[in-house]
>>> print(open('run.txt').read())   # compact mmCIF, C-alpha atoms
# COMPACT_ATOMS: atom_id res chain seq x y z
CA MET H 1 198.44 104.04 139.99
CA ARG H 2 198.05 106.85 137.49
CA SER H 3 198.99 104.52 134.62
CA PHE H 4 196.41 102.03 135.90
CA LEU H 5 193.66 104.66 135.82
CA VAL H 6 194.70 105.83 132.37
CA THR H 7 194.62 102.26 131.15
CA ARG H 8 191.13 101.70 132.62
CA PHE H 9 189.87 104.95 131.15
CA ALA H 10 191.26 104.08 127.73
CA ALA H 11 189.69 100.63 127.91
CA ALA H 12 186.34 102.16 128.91
CA MET H 13 186.49 104.60 125.99
CA LEU H 14 187.31 101.81 123.55
CA LEU H 15 184.44 99.73 124.90
CA PHE H 16 182.04 102.69 124.66
CA GLY H 17 183.20 103.39 121.14
CA ALA H 18 182.56 99.78 120.15
CA ILE H 19 179.08 99.70 121.66
CA HIS H 20 177.80 103.14 120.67
CA PRO H 21 177.61 102.56 116.90
CA VAL H 22 175.52 99.45 117.50
CA GLN H 23 173.21 101.36 119.78
CA ALA H 24 172.86 104.09 117.17
CA GLN H 25 171.67 101.56 114.57
CA VAL H 26 168.99 99.96 116.76
CA LYS H 27 165.54 101.35 115.92
CA PRO H 28 163.00 101.76 118.65
CA THR H 29 160.36 99.05 118.48
CA SER H 30 156.71 100.00 118.44
CA THR H 31 154.65 98.93 121.39
CA ASP H 32 151.43 98.92 119.30
CA THR H 33 150.71 95.28 118.46
CA THR H 34 147.06 95.73 117.47
CA LYS H 35 147.95 95.37 113.75
CA LYS H 36 150.59 92.70 114.23
CA TYR H 37 148.67 90.09 112.25
CA ALA H 38 146.67 92.40 109.97
CA ASN H 39 148.74 91.48 106.91
CA PRO H 40 151.12 88.63 107.82
CA GLY H 41 152.03 87.92 104.21
CA GLY H 42 152.98 91.49 103.48
CA VAL H 43 150.69 91.56 100.43
CA SER H 44 149.48 95.01 99.52
CA ALA H 45 145.74 95.48 99.58
CA PRO H 46 144.14 95.64 96.13
CA GLY H 47 142.84 99.04 95.14
CA SER H 48 139.15 99.55 94.47
CA LYS H 49 137.98 98.97 90.92
CA PRO H 50 136.86 101.93 88.82
CA PHE H 51 133.08 102.32 88.78
CA LEU H 52 132.88 101.50 85.07
CA LYS H 53 134.41 98.09 85.83
CA SER H 54 132.45 97.39 88.99
CA LYS H 55 129.79 94.70 89.34
CA LEU H 56 127.14 97.32 90.04
CA PHE H 57 127.80 99.17 86.79
CA LYS H 58 127.75 95.94 84.78
CA ALA H 59 124.48 94.99 86.45
CA VAL H 60 122.62 98.24 85.73
CA ALA H 61 124.19 99.54 82.49
CA ILE H 62 122.09 97.70 79.89
CA PRO H 63 118.81 97.79 81.87
CA ALA H 64 119.29 101.52 82.49
CA VAL H 65 119.63 102.14 78.74
CA LEU H 66 116.46 100.15 77.99
CA ILE H 67 114.41 101.81 80.74
CA THR H 68 115.63 105.29 79.80
CA TYR H 69 114.79 104.75 76.14
CA GLY H 70 111.34 103.48 77.07
CA ALA H 71 110.68 106.45 79.34
CA ILE H 72 111.80 108.96 76.71
CA THR H 73 109.65 107.44 73.95
CA ALA H 74 106.58 106.85 76.15
CA GLN H 75 104.39 109.40 74.40
CA GLY H 76 101.22 107.41 73.84
CA ASP H 77 100.05 107.22 70.22
CA ALA H 78 102.69 109.62 68.96
CA GLY H 79 106.21 109.59 67.63
CA ILE H 80 107.90 106.22 67.27
CA ASN H 81 105.10 104.55 69.23
CA HIS H 82 102.60 105.52 66.54
CA SER H 83 104.81 104.42 63.66
CA GLU H 84 105.68 101.09 65.30
CA ARG H 85 102.05 100.35 66.10
CA THR H 86 101.00 101.13 62.52
CA PHE H 87 103.74 98.83 61.16
CA VAL H 88 102.81 95.96 63.47
CA GLN H 89 99.10 96.22 62.68
CA LYS H 90 99.84 96.07 58.95
CA GLN H 91 102.15 93.07 59.23
CA PHE H 92 100.45 90.91 61.87
CA ARG H 93 97.03 89.90 63.12
CA PRO H 94 96.21 89.64 66.82
CA VAL H 95 96.54 86.20 68.39
CA SER H 96 95.12 84.67 71.53
CA THR H 97 96.42 86.30 74.68
CA GLY H 98 96.79 82.79 76.09
CA PHE H 99 100.13 82.61 74.30
CA ASP H 100 101.28 85.74 76.13
CA ASN H 101 100.26 84.39 79.51
CA THR H 102 101.97 81.04 78.93
CA LEU H 103 105.23 82.23 77.38
CA ILE H 104 106.03 84.66 80.21
CA ILE H 105 107.13 81.72 82.40
CA ALA H 106 108.34 79.47 79.56
CA PRO H 107 112.01 80.23 80.43
CA TYR H 108 111.34 78.75 83.87
CA PHE H 109 110.09 75.60 82.11
CA GLU H 110 113.40 75.54 80.28
CA LEU H 111 115.26 75.97 83.57
CA ALA H 112 113.36 73.04 85.09
CA ALA H 113 113.81 70.82 82.03
CA VAL H 114 117.56 71.41 81.84
CA ALA H 115 117.89 70.75 85.59
CA ILE H 116 115.90 67.50 85.26
CA ALA H 117 118.19 66.51 82.37
CA GLY H 118 121.09 66.61 84.81
CA VAL H 119 122.85 69.79 83.69
CA GLU H 120 124.39 71.40 86.76
CA SER H 121 123.47 75.04 87.20
CA ARG H 122 125.60 77.80 88.68
CA ASN H 123 123.76 77.63 92.00
CA ASP H 124 122.17 74.67 93.74
CA ARG H 125 118.42 74.40 93.51
CA ILE H 126 117.55 75.96 96.84
CA ASN H 127 119.65 79.04 96.14
CA THR H 128 118.25 79.24 92.60
CA LEU H 129 114.72 79.24 94.03
CA LEU H 130 115.70 81.97 96.49
CA ILE H 131 117.12 84.09 93.65
CA ILE H 132 113.94 83.56 91.62
CA ALA H 133 111.79 84.61 94.59
CA LYS H 134 113.91 87.70 95.19
CA GLY H 135 113.92 88.64 91.50
CA GLU H 136 110.14 88.23 91.27
CA ALA H 137 109.63 90.46 94.30
CA ILE H 138 111.88 93.18 92.88
CA MET H 139 110.26 92.99 89.45
CA LEU H 140 106.66 93.06 90.69
CA ALA H 141 107.30 95.90 93.14
CA SER H 142 109.14 98.07 90.60
CA THR H 143 106.91 97.53 87.55
CA PHE H 144 103.60 98.01 89.36
CA ALA H 145 104.90 101.04 91.21
CA VAL H 146 105.87 102.65 87.89
CA LYS H 147 102.57 101.59 86.28
CA TYR H 148 100.55 103.44 88.92
CA ILE H 149 102.83 106.46 88.72
CA ALA H 150 103.01 106.69 84.91
CA ARG H 151 99.31 106.00 84.22
CA GLU H 152 99.99 105.36 80.53
CA THR H 153 96.88 104.37 78.53
CA ARG H 154 97.15 101.08 76.62
CA PRO H 155 96.91 101.14 72.82
CA ASP H 156 93.53 99.37 72.96
CA GLY H 157 92.31 101.78 75.66
CA SER H 158 91.46 98.97 78.11
CA ASP H 159 93.16 100.68 81.10
CA ASP H 160 95.91 103.12 82.04
CA LEU H 161 98.54 100.61 83.24
CA SER H 162 100.48 100.28 80.02
CA PHE H 163 103.98 101.45 81.02
CA PRO H 164 106.02 99.33 81.51
CA SER H 165 104.98 95.92 80.18
CA GLY H 166 104.69 93.51 83.09
CA HIS H 167 104.52 90.47 80.78
CA THR H 168 107.76 91.49 79.12
CA ALA H 169 109.43 92.18 82.46
CA GLN H 170 108.41 88.74 83.71
CA ALA H 171 109.71 87.00 80.59
CA PHE H 172 113.06 88.81 80.60
CA LEU H 173 113.52 88.21 84.33
CA ALA H 174 113.14 84.47 83.79
CA ALA H 175 115.37 84.55 80.70
CA SER H 176 118.12 86.39 82.58
CA ILE H 177 118.08 83.80 85.34
CA VAL H 178 118.32 80.95 82.82
CA HIS H 179 121.21 82.70 81.08
CA THR H 180 123.09 83.31 84.33
CA GLU H 181 122.60 79.79 85.65
CA PHE H 182 123.74 77.98 82.51
CA ARG H 183 126.01 80.36 80.62
CA ASP H 184 129.08 78.47 81.84
CA LYS H 185 127.68 75.30 80.27
CA SER H 186 126.41 76.73 76.98
CA GLN H 187 125.30 80.11 75.69
CA TRP H 188 122.46 78.43 73.78
CA TYR H 189 120.36 78.07 76.92
CA GLY H 190 120.37 81.84 77.32
CA ILE H 191 119.78 82.43 73.61
CA GLY H 192 116.70 80.20 73.73
CA ALA H 193 115.35 81.91 76.84
CA TYR H 194 115.87 85.42 75.46
CA THR H 195 114.22 84.38 72.18
CA ILE H 196 111.13 83.37 74.15
CA ALA H 197 111.19 86.64 76.08
CA THR H 198 111.48 88.67 72.87
CA SER H 199 108.51 86.74 71.46
CA VAL H 200 106.46 87.79 74.48
CA ALA H 201 107.34 91.44 73.85
CA ALA H 202 106.33 91.09 70.18
CA LEU H 203 103.02 89.40 71.08
CA ARG H 204 102.13 92.21 73.48
CA MET H 205 102.48 94.67 70.63
CA ILE H 206 100.73 92.41 68.12
CA ASN H 207 97.76 92.05 70.49
CA ASP H 208 97.68 95.85 70.87
CA LYS H 209 98.26 95.66 74.62
CA HIS H 210 101.47 97.69 74.73
CA TRP H 211 103.43 100.38 72.92
CA GLN H 212 106.98 99.70 71.85
CA SER H 213 108.19 101.95 74.67
CA ASP H 214 106.38 99.70 77.16
CA VAL H 215 108.03 96.47 76.06
CA VAL H 216 111.52 97.98 75.80
CA ALA H 217 111.25 99.37 79.33
CA GLY H 218 109.70 96.10 80.51
CA ALA H 219 112.72 94.19 79.23
CA GLY H 220 114.94 96.58 81.18
CA PHE H 221 112.98 96.10 84.40
CA GLY H 222 113.11 92.31 84.01
CA ILE H 223 116.86 92.17 83.39
CA LEU H 224 117.55 94.67 86.17
CA SER H 225 115.50 92.65 88.66
CA ALA H 226 117.48 89.51 87.88
CA HIS H 227 120.82 91.30 88.12
CA LEU H 228 119.92 92.90 91.46
CA ALA H 229 118.75 89.55 92.81
CA TYR H 230 122.12 87.99 92.01
CA LEU H 231 124.10 91.01 93.11
CA SER H 232 122.45 91.08 96.53
CA HIS H 233 122.34 87.32 97.06
CA ARG H 234 124.67 85.67 99.56
CA ASN H 235 124.88 81.90 99.68
CA ARG H 236 124.20 81.19 103.34
CA TRP H 237 125.34 77.61 102.98
CA GLY H 238 128.72 78.28 101.40
CA ARG H 239 129.79 76.57 98.22
CA LYS H 240 128.70 73.08 99.23
CA SER H 241 126.19 71.73 96.74
CA ILE H 242 122.81 71.41 98.44
CA GLY H 243 119.26 70.98 97.29
CA ARG H 244 120.04 68.48 94.53
CA ASP H 245 117.21 66.39 95.95
CA VAL H 246 114.75 69.20 95.15
CA GLY H 247 112.94 68.67 91.86
CA MET H 248 111.11 71.19 89.66
CA SER H 249 108.74 70.37 86.83
CA PRO H 250 106.26 72.41 84.75
CA THR H 251 102.56 71.60 85.17
CA TYR H 252 99.08 72.79 84.26
CA PHE H 253 96.30 73.21 86.80
CA GLY H 254 92.68 72.25 86.26
CA ASN H 255 91.65 75.58 84.76
CA GLY H 256 94.48 75.49 82.24
CA THR H 257 96.73 77.85 84.19
CA PRO H 258 100.43 77.01 83.78
CA GLY H 259 102.57 76.59 86.86
CA MET H 260 105.48 74.74 88.38
CA THR H 261 105.58 71.80 90.78
CA ILE H 262 108.36 71.62 93.37
CA SER H 263 109.12 68.28 95.00
CA TRP H 264 111.64 67.37 97.73
CA ARG H 265 113.01 63.93 98.52
CA PRO H 266 115.22 64.15 101.61
CA SER H 267 118.37 62.08 101.54
CA ASN H 268 118.96 59.42 104.18
>>> encode(input="run.txt", output="structure tokens")
Amino acid sequence: MRSFLVTRFAAAMLLFGAIHPVQAQVKPTSTDTTKKYANPGGVSAPGSKPFLKSKLFKAVAIPAVLITYGAITAQGDAGINHSERTFVQKQFRPVSTGFDNTLIIAPYFELAAVAIAGVESRNDRINTLLIIAKGEAIMLASTFAVKYIARETRPDGSDDLSFPSGHTAQAFLAASIVHTEFRDKSQWYGIGAYTIATSVAALRMINDKHWQSDVVAGAGFGILSAHLAYLSHRNRWGRKSIGRDVGMSPTYFGNGTPGMTISWRPSN
């Protein structure tokens, strides 16, 4: 009987010794399953980009430089404004302001013409129109707010809404949109649009409507408005191409005012 108990005890100890190491290696499982499928692939989350490489910095860097320069040099008929005005008046004669008023939307004519020619833009036509509307709203609100705050007198003394140049802001807004929409197809579309915008800035100085500080800052406001419109835009319809049945074409109204006609032919 004693040997039987000893044998059972020894067997129990051997069995315990065989099981115990296994039990010691088993880790307690967590009962929290709320993050069970948070990262099923086990891929580490990408770290945030440095600010200097962020989309926001790229969007505001160049416009901020232009606007800051314009604000610093906005001294009326003094400093670099005086010297630039004197140089322009010696080299050029004033031209009809009709050229200024037409060229400010000439980049949009280019946008419409290239679209009619069948070149596919970055966004479909409906989203492009939404971006244009948003950019125009940002540009008009910002430039006129600054105009009424700055109260800078024009070179010709006609009023005190010189800074910044609204014509230049409008032209550079349109040029920036053309560049963004077609830069993947060819850089020449953007080059042409920015050439037109620069011509508007030059004409505003030639016609003695703006100081050089006004047009530089105006270019900054225009570019910034376009960049903010794109940065804040979210395509509500996904990536599916829509609005290809929407047509845009430049036109002139009865009084000679330039504009744009938008037509829509719904698909069956």
>>> closest_residue(input="run.txt", among="H:Val178, H:Ala217, H:Ala71, H:Met205", to="Arg85 (chain H)", atoms="all atoms listed in the file")
H:Met205
>>> residues_near_point(input="run.txt", point="(120.2, 81.2, 85.2)", cutoff="9 Å", atoms="all atoms listed in the file", output="PyMOL selection string")
chain H and resi 111+121-123+128+174-183+189-190
>>> atom_distance(input="run.txt", atom1="CA of Met139 (chain H)", atom2="CA of Val95 (chain H)")
26.0 Å
>>> closest_residue(input="run.txt", among="H:Asn81, H:Ser186, H:Thr195, H:Ser165", to="Gly218 (chain H)", atoms="only C-alpha atoms")
H:Ser165
>>> atom_distance(input="run.txt", atom1="CA of Ser232 (chain H)", atom2="CA of Arg125 (chain H)")
17.4 Å
>>> residues_around(input="run.txt", residues="region 166-172 of chain H", least_positions_apart="4", cutoff="10 Å", atoms="only C-alpha atoms", output="PyMOL selection string")
chain H and resi 100-108+135-136+139-140+142-144+147+161-162+176-178+193-204+210+214-226
>>> closest_residue(input="run.txt", among="H:Glu152, H:Leu228, H:Trp188, H:Leu173", to="Gln75 (chain H)", atoms="only C-alpha atoms")
H:Glu152
>>> atom_distance(input="run.txt", atom1="CA of Gly79 (chain H)", atom2="CA of Asp208 (chain H)")
16.5 Å
>>> closest_residue(input="run.txt", among="H:Lys90, H:His227, H:Asp159, H:His233", to="Ala61 (chain H)", atoms="all atoms listed in the file")
H:His227
>>> closest_residue(input="run.txt", among="H:Ser213, H:Leu130, H:Phe109, H:Gly118", to="Ala78 (chain H)", atoms="all atoms listed in the file")
H:Ser213
>>> build_atoms(input="run.txt", residues="region 214-225 of chain H", atoms="all heavy atoms", output="mmCIF file, in the coordinates of the input")
data_model
loop_
_atom_site.group_PDB
_atom_site.id
_atom_site.type_symbol
_atom_site.label_atom_id
_atom_site.label_comp_id
_atom_site.auth_asym_id
_atom_site.auth_seq_id
_atom_site.Cartn_x
_atom_site.Cartn_y
_atom_site.Cartn_z
ATOM 1 N N ASP H 214 106.729 100.527 76.006
ATOM 2 C CA ASP H 214 106.380 99.700 77.160
ATOM 3 C C ASP H 214 107.205 98.422 77.206
ATOM 4 O O ASP H 214 107.714 98.033 78.272
ATOM 5 C CB ASP H 214 104.897 99.325 77.130
ATOM 6 C CG ASP H 214 103.975 100.534 77.083
ATOM 7 O OD1 ASP H 214 104.410 101.621 77.498
ATOM 8 O OD2 ASP H 214 102.825 100.379 76.632
ATOM 9 N N VAL H 215 107.343 97.762 76.069
ATOM 10 C CA VAL H 215 108.030 96.470 76.060
ATOM 11 C C VAL H 215 109.545 96.646 76.206
ATOM 12 O O VAL H 215 110.218 95.811 76.819
ATOM 13 C CB VAL H 215 107.680 95.665 74.790
ATOM 14 C CG1 VAL H 215 106.187 95.372 74.734
ATOM 15 C CG2 VAL H 215 108.125 96.377 73.526
ATOM 16 N N VAL H 216 110.082 97.732 75.644
ATOM 17 C CA VAL H 216 111.520 97.980 75.800
ATOM 18 C C VAL H 216 111.839 98.242 77.273
ATOM 19 O O VAL H 216 112.783 97.686 77.834
ATOM 20 C CB VAL H 216 111.978 99.156 74.919
ATOM 21 C CG1 VAL H 216 113.434 99.510 75.218
ATOM 22 C CG2 VAL H 216 111.833 98.800 73.440
ATOM 23 N N ALA H 217 111.041 99.100 77.909
ATOM 24 C CA ALA H 217 111.250 99.370 79.330
ATOM 25 C C ALA H 217 110.993 98.119 80.164
ATOM 26 O O ALA H 217 111.705 97.863 81.151
ATOM 27 C CB ALA H 217 110.349 100.507 79.794
ATOM 28 N N GLY H 218 109.987 97.334 79.785
ATOM 29 C CA GLY H 218 109.700 96.100 80.510
ATOM 30 C C GLY H 218 110.877 95.136 80.481
ATOM 31 O O GLY H 218 111.197 94.506 81.497
ATOM 32 N N ALA H 219 111.525 95.035 79.324
ATOM 33 C CA ALA H 219 112.720 94.190 79.230
ATOM 34 C C ALA H 219 113.801 94.694 80.187
ATOM 35 O O ALA H 219 114.477 93.906 80.858
ATOM 36 C CB ALA H 219 113.241 94.180 77.795
ATOM 37 N N GLY H 220 113.948 96.006 80.265
ATOM 38 C CA GLY H 220 114.940 96.580 81.180
ATOM 39 C C GLY H 220 114.625 96.278 82.634
ATOM 40 O O GLY H 220 115.516 95.915 83.408
ATOM 41 N N PHE H 221 113.359 96.392 83.016
ATOM 42 C CA PHE H 221 112.980 96.100 84.400
ATOM 43 C C PHE H 221 113.205 94.622 84.732
ATOM 44 O O PHE H 221 113.625 94.282 85.839
ATOM 45 C CB PHE H 221 111.513 96.473 84.642
ATOM 46 C CG PHE H 221 111.306 97.920 84.975
ATOM 47 C CD1 PHE H 221 110.868 98.816 84.008
ATOM 48 C CD2 PHE H 221 111.550 98.392 86.256
ATOM 49 C CE1 PHE H 221 110.675 100.150 84.307
ATOM 50 C CE2 PHE H 221 111.358 99.731 86.570
ATOM 51 C CZ PHE H 221 110.924 100.622 85.589
ATOM 52 N N GLY H 222 112.913 93.738 83.781
ATOM 53 C CA GLY H 222 113.110 92.310 84.010
ATOM 54 C C GLY H 222 114.576 91.955 84.202
ATOM 55 O O GLY H 222 114.945 91.236 85.141
ATOM 56 N N ILE H 223 115.426 92.456 83.305
ATOM 57 C CA ILE H 223 116.860 92.170 83.390
ATOM 58 C C ILE H 223 117.443 92.777 84.663
ATOM 59 O O ILE H 223 118.249 92.154 85.365
ATOM 60 C CB ILE H 223 117.580 92.710 82.149
ATOM 61 C CG1 ILE H 223 117.088 91.979 80.896
ATOM 62 C CG2 ILE H 223 119.089 92.549 82.285
ATOM 63 C CD1 ILE H 223 117.601 92.567 79.594
ATOM 64 N N LEU H 224 117.042 94.012 84.975
ATOM 65 C CA LEU H 224 117.550 94.670 86.170
ATOM 66 C C LEU H 224 117.164 93.906 87.435
ATOM 67 O O LEU H 224 117.978 93.753 88.360
ATOM 68 C CB LEU H 224 117.007 96.097 86.246
ATOM 69 C CG LEU H 224 117.450 96.924 87.462
ATOM 70 C CD1 LEU H 224 118.959 97.114 87.470
ATOM 71 C CD2 LEU H 224 116.738 98.271 87.468
ATOM 72 N N SER H 225 115.946 93.401 87.488
ATOM 73 C CA SER H 225 115.500 92.650 88.660
ATOM 74 C C SER H 225 116.339 91.399 88.867
ATOM 75 O O SER H 225 116.715 91.069 90.001
ATOM 76 C CB SER H 225 114.020 92.275 88.508
ATOM 77 O OG SER H 225 113.212 93.425 88.389
#
